[in-house]
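Below: final-v9.cif (mmCIF, C-alpha atoms)
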```cif
data_protein
#
loop_
_atom_site.label_atom_id
_atom_site.label_comp_id
_atom_site.auth_asym_id
_atom_site.auth_seq_id
_atom_site.Cartn_x
_atom_site.Cartn_y
_atom_site.Cartn_z
CA MET A 1167 -41.13 12.46 -36.58
CA SER A 1168 -42.14 10.97 -33.25
CA PRO A 1169 -40.80 12.46 -30.02
CA SER A 1170 -39.01 9.26 -29.10
CA SER A 1171 -36.97 9.21 -32.30
CA GLY A 1172 -35.57 12.70 -31.96
CA GLY A 1173 -31.89 12.97 -31.12
CA GLY A 1174 -31.41 9.24 -31.67
CA PRO A 1175 -28.08 9.42 -33.55
CA ALA A 1176 -26.67 11.97 -31.12
CA ARG A 1177 -27.68 9.88 -28.13
CA ARG A 1178 -26.26 6.73 -29.71
CA SER A 1179 -23.02 8.58 -30.42
CA VAL A 1180 -22.75 9.68 -26.79
CA SER A 1181 -23.58 6.16 -25.65
CA GLY A 1182 -20.92 4.72 -27.97
CA ARG A 1183 -18.30 7.17 -26.74
CA SER A 1184 -19.31 6.38 -23.17
CA ALA A 1185 -18.92 2.64 -23.69
CA SER A 1186 -15.57 3.10 -25.44
CA ALA A 1187 -14.26 5.38 -22.70
CA HIS A 1188 -15.44 2.96 -20.03
CA LEU A 1189 -13.74 0.00 -21.76
CA HIS A 1190 -10.51 1.96 -22.21
CA ALA A 1191 -10.48 3.10 -18.59
CA HIS A 1192 -11.28 -0.44 -17.42
CA PHE A 1193 -8.32 -2.14 -19.09
CA LEU A 1194 -5.88 0.74 -18.64
CA GLY A 1195 -6.75 1.11 -14.98
CA ARG A 1196 -6.73 -2.56 -14.12
CA TYR A 1197 -3.72 -3.81 -16.02
CA GLY A 1198 -1.70 -0.76 -17.06
CA LEU A 1199 0.58 -0.92 -14.04
CA LEU A 1200 1.12 -4.64 -14.49
CA ALA A 1201 2.06 -4.04 -18.13
CA LEU A 1202 4.47 -1.33 -17.02
CA THR A 1203 6.15 -3.83 -14.70
CA VAL A 1204 6.72 -6.26 -17.54
CA LEU A 1205 7.92 -3.47 -19.82
CA LEU A 1206 10.43 -2.18 -17.27
CA PHE A 1207 11.77 -5.67 -16.68
CA LEU A 1208 12.20 -6.23 -20.42
CA VAL A 1209 13.92 -2.85 -20.93
CA PHE A 1210 16.40 -3.40 -18.10
CA SER A 1211 16.99 -6.96 -19.30
CA VAL A 1212 17.97 -5.65 -22.72
CA VAL A 1213 20.17 -2.89 -21.29
CA LEU A 1214 21.73 -5.15 -18.62
CA PRO A 1215 21.61 -8.64 -20.15
CA ASP A 1216 24.35 -10.10 -17.94
CA THR A 1217 23.02 -9.06 -14.54
CA PHE A 1218 19.34 -8.15 -14.62
CA PRO A 1219 17.42 -11.15 -16.08
CA THR A 1220 19.04 -13.63 -13.70
CA GLY A 1221 17.70 -15.78 -10.93
CA ASP A 1222 19.98 -14.16 -8.37
CA ASN A 1223 18.74 -10.70 -9.30
CA VAL A 1224 15.10 -11.74 -9.11
CA SER A 1225 15.70 -13.30 -5.69
CA SER A 1226 17.47 -10.14 -4.55
CA ILE A 1227 14.55 -7.97 -5.67
CA LEU A 1228 12.01 -10.20 -3.92
CA SER A 1229 13.88 -10.26 -0.62
CA ALA A 1230 15.10 -6.65 -0.59
CA GLN A 1231 11.61 -5.20 -1.07
CA SER A 1232 9.75 -7.58 1.24
CA VAL A 1233 9.71 -5.19 4.23
CA THR A 1234 8.53 -2.33 2.02
CA ALA A 1235 5.79 -4.54 0.59
CA VAL A 1236 4.54 -5.61 4.03
CA LEU A 1237 4.54 -2.01 5.28
CA ALA A 1238 2.72 -0.83 2.13
CA LEU A 1239 0.05 -3.47 2.70
CA GLY A 1240 -0.38 -2.15 6.23
CA ALA A 1241 -0.84 1.38 4.88
CA THR A 1242 -3.38 0.04 2.36
CA ILE A 1243 -5.77 -0.98 5.14
CA CYS A 1244 -6.11 2.55 6.52
CA ILE A 1245 -6.20 4.14 3.07
CA ALA A 1246 -9.11 1.85 2.17
CA GLY A 1247 -10.99 3.50 5.05
CA GLY A 1248 -10.07 6.99 3.90
CA LYS A 1249 -7.34 7.56 6.51
CA PHE A 1250 -3.56 7.98 6.37
CA ASP A 1251 -1.38 6.53 9.11
CA LEU A 1252 1.89 8.46 9.10
CA SER A 1253 3.12 6.60 12.18
CA ILE A 1254 3.91 3.39 10.29
CA GLY A 1255 7.53 4.39 9.64
CA TYR A 1256 8.10 5.27 13.29
CA GLY A 1257 6.24 2.12 14.34
CA LEU A 1258 8.45 0.01 12.10
CA GLY A 1259 11.57 1.45 13.72
CA LEU A 1260 10.22 0.85 17.22
CA ALA A 1261 9.04 -2.69 16.41
CA HIS A 1262 12.33 -3.92 14.97
CA VAL A 1263 14.34 -2.35 17.79
CA MET A 1264 12.02 -3.82 20.40
CA VAL A 1265 12.33 -7.33 18.95
CA LEU A 1266 16.11 -7.19 19.17
CA TYR A 1267 16.04 -5.55 22.61
CA LEU A 1268 13.82 -8.30 23.99
CA ILE A 1269 15.99 -11.04 22.50
CA VAL A 1270 19.44 -9.56 23.13
CA ASP A 1271 19.08 -7.49 26.30
CA ALA A 1272 16.03 -8.99 28.04
CA GLY A 1273 16.85 -12.59 27.12
CA TRP A 1274 13.37 -13.50 25.88
CA PRO A 1275 12.87 -16.49 23.57
CA TRP A 1276 12.61 -15.13 20.06
CA PRO A 1277 9.07 -16.46 19.34
CA LEU A 1278 7.75 -14.76 22.47
CA ALA A 1279 9.55 -11.52 21.59
CA CYS A 1280 8.07 -11.55 18.08
CA LEU A 1281 4.57 -12.25 19.38
CA ALA A 1282 4.83 -9.45 21.95
CA VAL A 1283 5.91 -6.95 19.30
CA VAL A 1284 3.11 -7.92 16.91
CA LEU A 1285 0.52 -7.58 19.69
CA GLY A 1286 2.12 -4.29 20.70
CA GLY A 1287 1.75 -3.09 17.11
CA ALA A 1288 -1.96 -3.94 17.20
CA LEU A 1289 -2.34 -2.01 20.48
CA ALA A 1290 -0.48 1.01 19.09
CA GLY A 1291 -2.69 0.95 16.01
CA ALA A 1292 -5.82 0.82 18.15
CA VAL A 1293 -4.58 3.83 20.11
CA ASN A 1294 -4.06 5.67 16.82
CA GLY A 1295 -7.60 4.85 15.77
CA ALA A 1296 -9.05 5.96 19.11
CA VAL A 1297 -7.20 9.27 18.93
CA VAL A 1298 -8.44 9.89 15.39
CA GLU A 1299 -12.04 8.80 15.89
CA PHE A 1300 -12.86 9.79 19.45
CA ALA A 1301 -10.55 12.73 20.02
CA ARG A 1302 -11.64 14.07 16.60
CA ILE A 1303 -8.09 14.83 15.49
CA ASP A 1304 -7.23 14.70 11.80
CA ALA A 1305 -5.47 11.44 10.94
CA PHE A 1306 -2.45 13.24 9.47
CA ILE A 1307 -1.89 15.24 12.66
CA ALA A 1308 -2.81 12.47 15.08
CA THR A 1309 -0.57 9.80 13.57
CA LEU A 1310 2.27 12.25 13.09
CA GLY A 1311 2.05 13.04 16.80
CA THR A 1312 1.82 9.42 17.92
CA GLY A 1313 4.61 8.52 15.50
CA SER A 1314 6.86 11.14 17.04
CA MET A 1315 6.10 9.64 20.45
CA MET A 1316 7.03 6.19 19.12
CA TYR A 1317 10.31 7.62 17.91
CA ALA A 1318 10.91 9.03 21.38
CA VAL A 1319 10.26 5.61 22.94
CA THR A 1320 12.69 4.06 20.45
CA GLY A 1321 15.37 6.55 21.50
CA TRP A 1322 14.63 5.93 25.17
CA ILE A 1323 14.98 2.15 24.79
CA THR A 1324 18.21 2.33 22.81
CA ASP A 1325 19.62 5.50 24.39
CA GLY A 1326 20.27 6.66 20.86
CA SER A 1327 22.61 3.77 20.06
CA ARG A 1328 22.22 0.52 18.18
CA VAL A 1329 21.16 -2.79 19.66
CA VAL A 1330 24.02 -5.15 18.80
CA PRO A 1331 23.86 -8.92 19.50
CA GLY A 1332 26.61 -10.54 21.55
CA PRO A 1333 29.38 -12.81 20.27
CA ASP A 1334 26.97 -15.72 19.91
CA GLY A 1335 24.76 -13.72 17.59
CA LEU A 1336 21.03 -14.20 17.17
CA PRO A 1337 19.25 -17.57 17.12
CA ALA A 1338 19.54 -19.20 13.71
CA ALA A 1339 15.81 -19.91 13.61
CA PHE A 1340 15.13 -16.19 14.00
CA THR A 1341 17.51 -15.06 11.25
CA ASP A 1342 16.09 -17.77 8.99
CA LEU A 1343 12.81 -15.87 9.00
CA TYR A 1344 14.49 -13.68 6.41
CA ASP A 1345 17.43 -15.70 5.12
CA ALA A 1346 15.72 -19.04 4.43
CA ARG A 1347 14.48 -20.10 1.00
CA PHE A 1348 11.48 -22.12 -0.09
CA LEU A 1349 10.99 -23.64 -3.55
CA GLY A 1350 14.12 -21.82 -4.64
CA LEU A 1351 12.76 -18.38 -3.70
CA PRO A 1352 13.39 -16.20 -0.63
CA LEU A 1353 11.01 -17.00 2.20
CA PRO A 1354 9.96 -13.32 2.67
CA ALA A 1355 8.36 -13.40 -0.79
CA PHE A 1356 5.90 -16.00 0.50
CA TYR A 1357 5.13 -13.87 3.57
CA VAL A 1358 4.16 -11.05 1.24
CA LEU A 1359 2.03 -13.31 -0.97
CA GLY A 1360 0.31 -14.80 2.07
CA LEU A 1361 -0.46 -11.36 3.46
CA VAL A 1362 -1.82 -10.25 0.08
CA VAL A 1363 -4.19 -13.23 0.03
CA VAL A 1364 -5.38 -12.53 3.58
CA LEU A 1365 -6.00 -8.85 2.88
CA TRP A 1366 -7.70 -9.64 -0.43
CA VAL A 1367 -10.14 -11.92 1.36
CA VAL A 1368 -10.72 -9.43 4.17
CA LEU A 1369 -11.15 -6.35 1.98
CA GLU A 1370 -12.91 -7.88 -1.02
CA ARG A 1371 -14.93 -10.78 0.35
CA LEU A 1372 -15.79 -10.03 3.98
CA PRO A 1373 -18.22 -7.44 5.38
CA PHE A 1374 -15.38 -5.70 7.21
CA GLY A 1375 -13.70 -4.74 3.95
CA ARG A 1376 -16.91 -3.70 2.25
CA TYR A 1377 -17.89 -1.50 5.18
CA LEU A 1378 -14.40 -0.04 5.24
CA TYR A 1379 -14.63 0.95 1.58
CA VAL A 1380 -18.00 2.58 2.20
CA ILE A 1381 -16.55 4.52 5.14
CA GLY A 1382 -13.60 5.62 3.05
CA SER A 1383 -15.88 6.75 0.24
CA ASN A 1384 -18.48 8.61 2.31
CA PRO A 1385 -18.33 8.30 6.11
CA ARG A 1386 -21.51 10.35 6.61
CA ALA A 1387 -23.51 8.10 4.32
CA ALA A 1388 -21.99 5.04 6.00
CA ALA A 1389 -23.16 6.31 9.40
CA MET A 1390 -26.63 7.05 8.02
CA VAL A 1391 -27.09 3.43 6.85
CA GLY A 1392 -26.07 2.12 10.28
CA ILE A 1393 -22.40 1.23 9.81
CA PRO A 1394 -20.47 1.86 13.07
CA THR A 1395 -17.84 4.03 11.41
CA HIS A 1396 -15.80 4.75 14.53
CA ARG A 1397 -15.47 1.11 15.47
CA TYR A 1398 -14.47 -0.02 12.00
CA SER A 1399 -11.91 2.77 11.68
CA VAL A 1400 -10.31 1.78 14.98
CA HIS A 1401 -10.22 -1.83 13.77
CA ALA A 1402 -8.55 -0.70 10.55
CA PHE A 1403 -5.83 1.15 12.46
CA ALA A 1404 -5.35 -1.86 14.73
CA ALA A 1405 -5.02 -4.17 11.73
CA SER A 1406 -2.52 -1.78 10.17
CA GLY A 1407 -0.52 -1.71 13.42
CA THR A 1408 -0.48 -5.51 13.46
CA VAL A 1409 0.99 -5.58 9.96
CA VAL A 1410 3.56 -2.95 10.99
CA GLY A 1411 4.56 -5.23 13.87
CA LEU A 1412 5.05 -8.10 11.41
CA ALA A 1413 7.15 -5.84 9.20
CA GLY A 1414 9.25 -4.93 12.26
CA VAL A 1415 9.92 -8.59 13.00
CA LEU A 1416 10.97 -9.18 9.40
CA LEU A 1417 13.20 -6.09 9.41
CA ALA A 1418 14.88 -7.21 12.64
CA SER A 1419 15.57 -10.62 11.11
CA GLN A 1420 17.02 -8.89 8.04
CA GLN A 1421 19.12 -6.21 9.73
CA GLN A 1422 20.15 -8.25 12.81
CA ILE A 1423 21.15 -4.92 14.41
CA GLY A 1424 18.67 -2.51 15.97
CA ASN A 1425 18.98 0.90 14.32
CA PRO A 1426 16.60 3.44 15.95
CA SER A 1427 16.30 5.61 12.83
CA VAL A 1428 15.96 3.04 10.07
CA GLY A 1429 12.16 2.90 10.03
CA LEU A 1430 11.70 6.35 8.49
CA ASP A 1431 13.50 5.18 5.35
CA TYR A 1432 10.54 2.93 4.59
CA LEU A 1433 7.75 5.49 5.11
CA LEU A 1434 7.76 7.12 1.68
CA PRO A 1435 8.18 3.91 -0.36
CA ALA A 1436 5.33 2.30 1.58
CA PHE A 1437 2.93 5.14 0.83
CA VAL A 1438 4.06 5.26 -2.79
CA GLY A 1439 3.25 1.57 -3.11
CA ALA A 1440 -0.15 1.87 -1.44
CA LEU A 1441 -1.22 4.97 -3.38
CA LEU A 1442 0.12 3.76 -6.71
CA GLY A 1443 -1.59 0.45 -6.05
CA SER A 1444 -4.96 2.21 -5.86
CA THR A 1445 -4.64 2.90 -9.60
CA ALA A 1446 -4.35 -0.79 -10.50
CA ILE A 1447 -6.54 -3.92 -10.40
CA ARG A 1448 -9.36 -2.06 -8.61
CA PRO A 1449 -8.82 1.50 -9.90
CA GLY A 1450 -9.96 4.27 -7.61
CA ARG A 1451 -9.62 2.39 -4.33
CA ALA A 1452 -6.79 0.90 -2.31
CA ASN A 1453 -6.46 -2.85 -2.73
CA ALA A 1454 -3.93 -5.48 -1.73
CA VAL A 1455 -3.20 -6.91 -5.18
CA GLY A 1456 -2.74 -3.44 -6.64
CA THR A 1457 -0.31 -2.60 -3.84
CA LEU A 1458 1.69 -5.73 -4.63
CA VAL A 1459 1.87 -4.76 -8.30
CA ALA A 1460 2.92 -1.21 -7.39
CA VAL A 1461 5.68 -2.39 -5.05
CA THR A 1462 6.89 -4.71 -7.81
CA VAL A 1463 7.12 -1.76 -10.21
CA LEU A 1464 9.13 0.18 -7.64
CA ALA A 1465 11.38 -2.80 -6.94
CA VAL A 1466 12.14 -3.40 -10.61
CA GLY A 1467 12.72 0.30 -11.25
CA LEU A 1468 15.03 0.76 -8.26
CA ALA A 1469 16.98 -2.40 -9.06
CA GLY A 1470 17.43 -1.28 -12.66
CA ILE A 1471 18.62 2.24 -11.93
CA GLY A 1472 20.86 0.88 -9.18
CA GLN A 1473 22.59 -1.51 -11.56
CA LEU A 1474 22.98 1.31 -14.08
CA GLY A 1475 25.18 3.06 -11.53
CA ALA A 1476 22.81 5.80 -10.37
CA GLN A 1477 23.94 8.09 -7.55
CA PHE A 1478 22.60 7.71 -4.01
CA TRP A 1479 20.11 10.56 -4.52
CA ALA A 1480 18.41 8.71 -7.38
CA THR A 1481 16.38 6.54 -4.98
CA PRO A 1482 14.59 9.37 -3.08
CA LEU A 1483 14.14 11.21 -6.40
CA PHE A 1484 12.53 8.12 -7.91
CA ASN A 1485 10.30 7.58 -4.86
CA GLY A 1486 9.20 11.22 -4.70
CA ALA A 1487 8.44 11.46 -8.41
CA THR A 1488 6.55 8.17 -8.30
CA LEU A 1489 4.50 9.42 -5.35
CA LEU A 1490 3.40 12.48 -7.34
CA ILE A 1491 2.58 10.29 -10.32
CA ALA A 1492 0.68 7.89 -8.06
CA VAL A 1493 -1.51 10.61 -6.58
CA GLY A 1494 -2.14 12.09 -10.03
CA LEU A 1495 -3.03 8.72 -11.53
CA ALA A 1496 -5.33 7.93 -8.61
CA GLY A 1497 -7.31 11.11 -9.24
CA TYR A 1498 -7.31 10.54 -13.00
CA SER A 1499 -8.49 6.95 -12.56
CA ALA A 1500 -11.33 8.04 -10.27
CA ARG A 1501 -12.44 10.72 -12.76
CA ARG A 1502 -12.35 8.29 -15.67
CA ARG A 1503 -14.34 5.82 -13.62
CA LEU A 1504 -17.07 8.39 -12.95
CA ARG A 1505 -17.07 10.02 -16.40
CA PRO A 1506 -18.78 7.16 -18.32
CA ASP A 1507 -21.59 7.13 -15.74
CA ALA A 1508 -22.03 10.88 -16.15
CA LEU A 1509 -22.16 10.57 -19.92
CA ALA A 1510 -24.66 7.74 -19.70
CA ALA A 1511 -26.88 9.97 -17.57
CA GLY A 1512 -26.65 12.83 -20.04
CA GLY A 1513 -23.27 14.17 -18.88
CA PRO A 1514 -22.55 17.64 -17.61
CA PRO A 1515 -24.38 20.40 -19.46
CA GLU A 1516 -21.41 21.28 -21.67
CA GLU A 1517 -21.09 17.64 -22.86
CA ARG A 1518 -24.73 16.76 -23.41
CA PRO A 1519 -26.03 16.58 -27.00
CA PRO A 1520 -27.94 19.68 -28.06
CA VAL A 1521 -31.62 19.61 -27.27
CA THR A 1522 -33.67 19.70 -30.46
CA GLY A 1523 -37.29 20.44 -30.95
CA ALA A 1524 -38.04 16.78 -31.29
CA ASP A 1525 -36.63 16.13 -27.79
CA ASP A 1526 -39.22 18.25 -26.11
CA GLY A 1527 -42.06 16.77 -28.11
CA SER A 1528 -42.42 19.51 -30.70
CA PRO A 1529 -42.99 18.43 -34.34
#
```
Target format structure tokens, applied to this file:
Amino acid sequence: MSPSSGGGPARRSVSGRSASAHLHAHFLGRYGLLALTVLLFLVFSVVLPDTFPTGDNVSSILSAQSVTAVLALGATICIAGGKFDLSIGYGLGLAHVMVLYLIVDAGWPWPLACLAVVLGGALAGAVNGAVVEFARIDAFIATLGTGSMMYAVTGWITDGSRVVPGPDGLPAAFTDLYDARFLGLPLPAFYVLGLVVVLWVVLERLPFGRYLYVIGSNPRAAAMVGIPTHRYSVHAFAASGTVVGLAGVLLASQQQIGNPSVGLDYLLPAFVGALLGSTAIRPGRANAVGTLVAVTVLAVGLAGIGQLGAQFWATPLFNGATLLIAVGLAGYSARRRLRPDALAAGGPPEERPPVTGADDGSP
């Protein structure tokens, strides 16, 4: 027997198992969450045939979860770079209060107020990035601190009370940002789709996104190949802050009353959507389309359990459990993605085929 023929069946078996595992992980990781969305919708449609599979219910789901979807997409940008921005909930509260304050109390035209808040969100995000990258403070701690400061500013502006429009209300053009419909669907659904397309292009097709993924995967290696990691991280935080500002404008148009504490209600669902989205479409890394699919799963699930008459505590229970599942699935997806490569290279010692005499050239 020649040396090259030794261990052939065992190696082919390992190679076959590797290919099968890779194919299974590929389809399960990419489309499993999308299949779950369809399955949930079908189950709730069977259980609630009179209320769930209706056009009004679909429109309600699309509009009600639009702010969460936009905020989750903002969180996705930083997660792609390996950072977590815990200030997004506080920033959302400040942004929506500031929009209404500028329109109601300061008398600004609503387009100018919206533009100022979006630019302010970008500036706040850049400050977050500078604190993380140049002050060398962990992103969790830094953004929790800056978020607390944003909450303080929100309380200072409102004096702890709500911003309520006068008898004439808000401009109709401003409230139509949320209330209007296009092609029979709520207008906010198209904002979300447009933002998904923009982030998909930026993260998947432009150098900025590719560099950001490299930084998130291994910042030391990224720096060694010449990628300006600090600058790109600051840009990622600034982009996230911009999206938070947009979410604040949309929330102000939806609520039409400035509530200084409402932003924190969106923090957990946004991170659940972004983390769960990293297990879909592009498993193992945060991506805009995956985040959209994840938010859709959450929206369908919450709408279904709500119509079944669940108690008020069911929503935070659902969000918390889904967050744990999301983090677990993200780790599982990453391990499954790496496992076929390890097997193809011989695998870890305990999984490699036994070395026979023919493998080392002996007769």
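Checking A:Leu1464, A:Val1204, A:Leu1365, A:Leu1372 one by one against Phe1437 in chain A, counting all atoms listed in the file, you find the shortest gap at A:Leu1464.
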Please tabulate, as JSON lines, the residues of range 1303-1390 of chain A that come within 9 Å of range 1274-1281 of chain A, each with its closest pair of atoms and the distance in Å to one decimal, counting only C-alpha atoms and ordering rows by chain, then residue number upward.
```
{"residue": "A:Leu1336", "atom": "CA", "partner": "A:Trp1276", "partner_atom": "CA", "distance": 9.0}
{"residue": "A:Pro1337", "atom": "CA", "partner": "A:Trp1276", "partner_atom": "CA", "distance": 7.7}
{"residue": "A:Ala1339", "atom": "CA", "partner": "A:Trp1276", "partner_atom": "CA", "distance": 8.6}
{"residue": "A:Phe1340", "atom": "CA", "partner": "A:Trp1276", "partner_atom": "CA", "distance": 6.6}
```
Expand the PyMOL selection byres ((chain A and resi 1260) around 9) into the explicit residue set it covers here, and present it as a ChimeraX atom specification.
/A:1255-1259,1261-1265,1316-1317,1319-1321,1411,1414,1426-1427,1429
List the residues matched by the PyMOL selection byres ((chain A and resi 1297-1312) around 8) in the displayed structure as an MDAnalysis selection string, ordered by chain and then by residue number.
chainID A and resid 1249:1253 1293:1296 1313:1316 1396 1399:1400
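Of the listed residues A:Val1233, A:Ala1402, A:Leu1206, A:Val1330, the one whose atoms come nearest to Ile1423 in chain A is A:Val1330, with distances taken using only C-alpha atoms.
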Go through range 1204-1252 of chain A and flag each residue having an atom no more than 7 Å from range 1347-1359 of chain A; for those, report the closest pair of atoms plus their distance in Å to one decimal, using all atoms listed in the file, ordered by chain and rising number, as a Markdown table.
```
| residue | atom | partner | partner_atom | distance |
| --- | --- | --- | --- | --- |
| A:Ser1225 | CA | A:Leu1351 | CA | 6.2 |
| A:Leu1228 | CA | A:Ala1355 | CA | 5.8 |
| A:Ser1229 | CA | A:Pro1352 | CA | 6.0 |
| A:Ser1232 | CA | A:Pro1354 | CA | 5.9 |
| A:Ala1235 | CA | A:Val1358 | CA | 6.7 |
| A:Val1236 | CA | A:Val1358 | CA | 6.1 |
```
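Around Ile1381 in chain A, within 8 Å and counting only C-alpha atoms, the residues found are Gly1247, Gly1248, Arg1386, Ala1387, Ala1388 and Thr1395 of chain A, once anything fewer than 5 positions away on its own chain is removed.
Counting only C-alpha atoms and comparing A:Leu1285, A:Thr1203, A:Pro1482, A:Asp1271, the residue that lies closest to Ala1404 in chain A is A:Leu1285.
Near range 1209-1217 of chain A, within a cut-off of 9 Å and counting all atoms listed in the file, sit the residues A:Val1204, A:Leu1205, A:Leu1206, A:Thr1220, A:Asp1222, A:Asn1223, A:Val1466, A:Gly1467, A:Gly1470, A:Ile1471, A:Gln1473, A:Leu1474, with same-chain residues fewer than 3 positions away left out.
We find CA of Ile1254 in chain A and CA of Ala1272 in chain A to be spaced 24.8 Å apart.
Distances to Ala1460 in chain A were evaluated for A:Gly1472, A:Gly1439, A:Pro1394, A:Pro1333 using all atoms listed in the file, and the minimum falls at A:Gly1439.
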Please write out, as JSON, where the centre of an axis-aligned box around all listed atoms of range 1284-1294 of chain A lies and how long its edges are, in Å to one decimal, after adding 5 Å on each side.
```
{"center_x": -1.4, "center_y": -1.1, "center_z": 18.4, "size_x": 18.9, "size_y": 23.6, "size_z": 14.7}
```
Go through the shown structure with the PyMOL selection byres ((chain A and resi 1456) around 7) and write out the matching residues as number ranges by chain.
A: 1443-1444, 1446-1447, 1453-1455, 1457-1460
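Here CA of Thr1234 in chain A stands at a distance of 20.8 Å from CA of Arg1448 in chain A.
Coordinates place CA of Val1363 in chain A at a distance of 18.8 Å from CA of His1401 in chain A.
For the residues A:Leu1266, A:Leu1343, A:Ala1338, A:Ala1436, ranking by smallest atom-to-atom distance to Ala1465 in chain A using all atoms listed in the file places A:Ala1436 first.
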Could you rebuild range 1301-1316 of chain A with N, CA, C and O atoms and give me the result as a PDB file, in the coordinates of the input?
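The file below, result.pdb, is the result:
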```pdb
ATOM      1  N   ALA A1301     -11.062  11.412  19.686  1.00  0.00           N
ATOM      2  CA  ALA A1301     -10.550  12.730  20.020  1.00  0.00           C
ATOM      3  C   ALA A1301     -10.795  13.727  18.891  1.00  0.00           C
ATOM      4  O   ALA A1301     -10.507  14.915  19.032  1.00  0.00           O
ATOM      5  N   ARG A1302     -11.284  13.218  17.752  1.00  0.00           N
ATOM      6  CA  ARG A1302     -11.640  14.070  16.600  1.00  0.00           C
ATOM      7  C   ARG A1302     -10.434  14.861  16.108  1.00  0.00           C
ATOM      8  O   ARG A1302     -10.531  16.041  15.809  1.00  0.00           O
ATOM      9  N   ILE A1303      -9.293  14.206  16.017  1.00  0.00           N
ATOM     10  CA  ILE A1303      -8.090  14.830  15.490  1.00  0.00           C
ATOM     11  C   ILE A1303      -7.839  14.270  14.102  1.00  0.00           C
ATOM     12  O   ILE A1303      -7.953  13.057  13.875  1.00  0.00           O
ATOM     13  N   ASP A1304      -7.509  15.140  13.161  1.00  0.00           N
ATOM     14  CA  ASP A1304      -7.230  14.700  11.800  1.00  0.00           C
ATOM     15  C   ASP A1304      -6.173  13.610  11.795  1.00  0.00           C
ATOM     16  O   ASP A1304      -5.188  13.665  12.549  1.00  0.00           O
ATOM     17  N   ALA A1305      -6.369  12.595  10.940  1.00  0.00           N
ATOM     18  CA  ALA A1305      -5.470  11.440  10.940  1.00  0.00           C
ATOM     19  C   ALA A1305      -4.028  11.826  10.656  1.00  0.00           C
ATOM     20  O   ALA A1305      -3.100  11.258  11.237  1.00  0.00           O
ATOM     21  N   PHE A1306      -3.805  12.785   9.747  1.00  0.00           N
ATOM     22  CA  PHE A1306      -2.450  13.240   9.470  1.00  0.00           C
ATOM     23  C   PHE A1306      -1.772  13.738  10.756  1.00  0.00           C
ATOM     24  O   PHE A1306      -0.653  13.338  11.091  1.00  0.00           O
ATOM     25  N   ILE A1307      -2.470  14.633  11.459  1.00  0.00           N
ATOM     26  CA  ILE A1307      -1.890  15.240  12.660  1.00  0.00           C
ATOM     27  C   ILE A1307      -1.755  14.221  13.773  1.00  0.00           C
ATOM     28  O   ILE A1307      -0.721  14.132  14.456  1.00  0.00           O
ATOM     29  N   ALA A1308      -2.809  13.426  13.980  1.00  0.00           N
ATOM     30  CA  ALA A1308      -2.810  12.470  15.080  1.00  0.00           C
ATOM     31  C   ALA A1308      -1.689  11.443  14.933  1.00  0.00           C
ATOM     32  O   ALA A1308      -0.925  11.184  15.878  1.00  0.00           O
ATOM     33  N   THR A1309      -1.579  10.843  13.749  1.00  0.00           N
ATOM     34  CA  THR A1309      -0.570   9.800  13.570  1.00  0.00           C
ATOM     35  C   THR A1309       0.835  10.372  13.481  1.00  0.00           C
ATOM     36  O   THR A1309       1.803   9.687  13.826  1.00  0.00           O
ATOM     37  N   LEU A1310       0.954  11.613  13.041  1.00  0.00           N
ATOM     38  CA  LEU A1310       2.270  12.250  13.090  1.00  0.00           C
ATOM     39  C   LEU A1310       2.704  12.469  14.533  1.00  0.00           C
ATOM     40  O   LEU A1310       3.873  12.254  14.892  1.00  0.00           O
ATOM     41  N   GLY A1311       1.745  12.853  15.383  1.00  0.00           N
ATOM     42  CA  GLY A1311       2.050  13.040  16.800  1.00  0.00           C
ATOM     43  C   GLY A1311       2.371  11.736  17.497  1.00  0.00           C
ATOM     44  O   GLY A1311       3.375  11.640  18.230  1.00  0.00           O
ATOM     45  N   THR A1312       1.550  10.706  17.284  1.00  0.00           N
ATOM     46  CA  THR A1312       1.820   9.420  17.920  1.00  0.00           C
ATOM     47  C   THR A1312       3.102   8.795  17.371  1.00  0.00           C
ATOM     48  O   THR A1312       3.855   8.136  18.097  1.00  0.00           O
ATOM     49  N   GLY A1313       3.370   9.024  16.073  1.00  0.00           N
ATOM     50  CA  GLY A1313       4.610   8.520  15.500  1.00  0.00           C
ATOM     51  C   GLY A1313       5.834   9.158  16.132  1.00  0.00           C
ATOM     52  O   GLY A1313       6.834   8.485  16.409  1.00  0.00           O
ATOM     53  N   SER A1314       5.753  10.454  16.379  1.00  0.00           N
ATOM     54  CA  SER A1314       6.860  11.140  17.040  1.00  0.00           C
ATOM     55  C   SER A1314       7.073  10.589  18.450  1.00  0.00           C
ATOM     56  O   SER A1314       8.216  10.437  18.912  1.00  0.00           O
ATOM     57  N   MET A1315       5.978  10.245  19.119  1.00  0.00           N
ATOM     58  CA  MET A1315       6.100   9.640  20.450  1.00  0.00           C
ATOM     59  C   MET A1315       6.737   8.246  20.363  1.00  0.00           C
ATOM     60  O   MET A1315       7.542   7.868  21.229  1.00  0.00           O
ATOM     61  N   MET A1316       6.394   7.487  19.317  1.00  0.00           N
ATOM     62  CA  MET A1316       7.030   6.190  19.120  1.00  0.00           C
ATOM     63  C   MET A1316       8.532   6.345  18.901  1.00  0.00           C
ATOM     64  O   MET A1316       9.337   5.553  19.408  1.00  0.00           O
TER      65      MET A1316
END
```
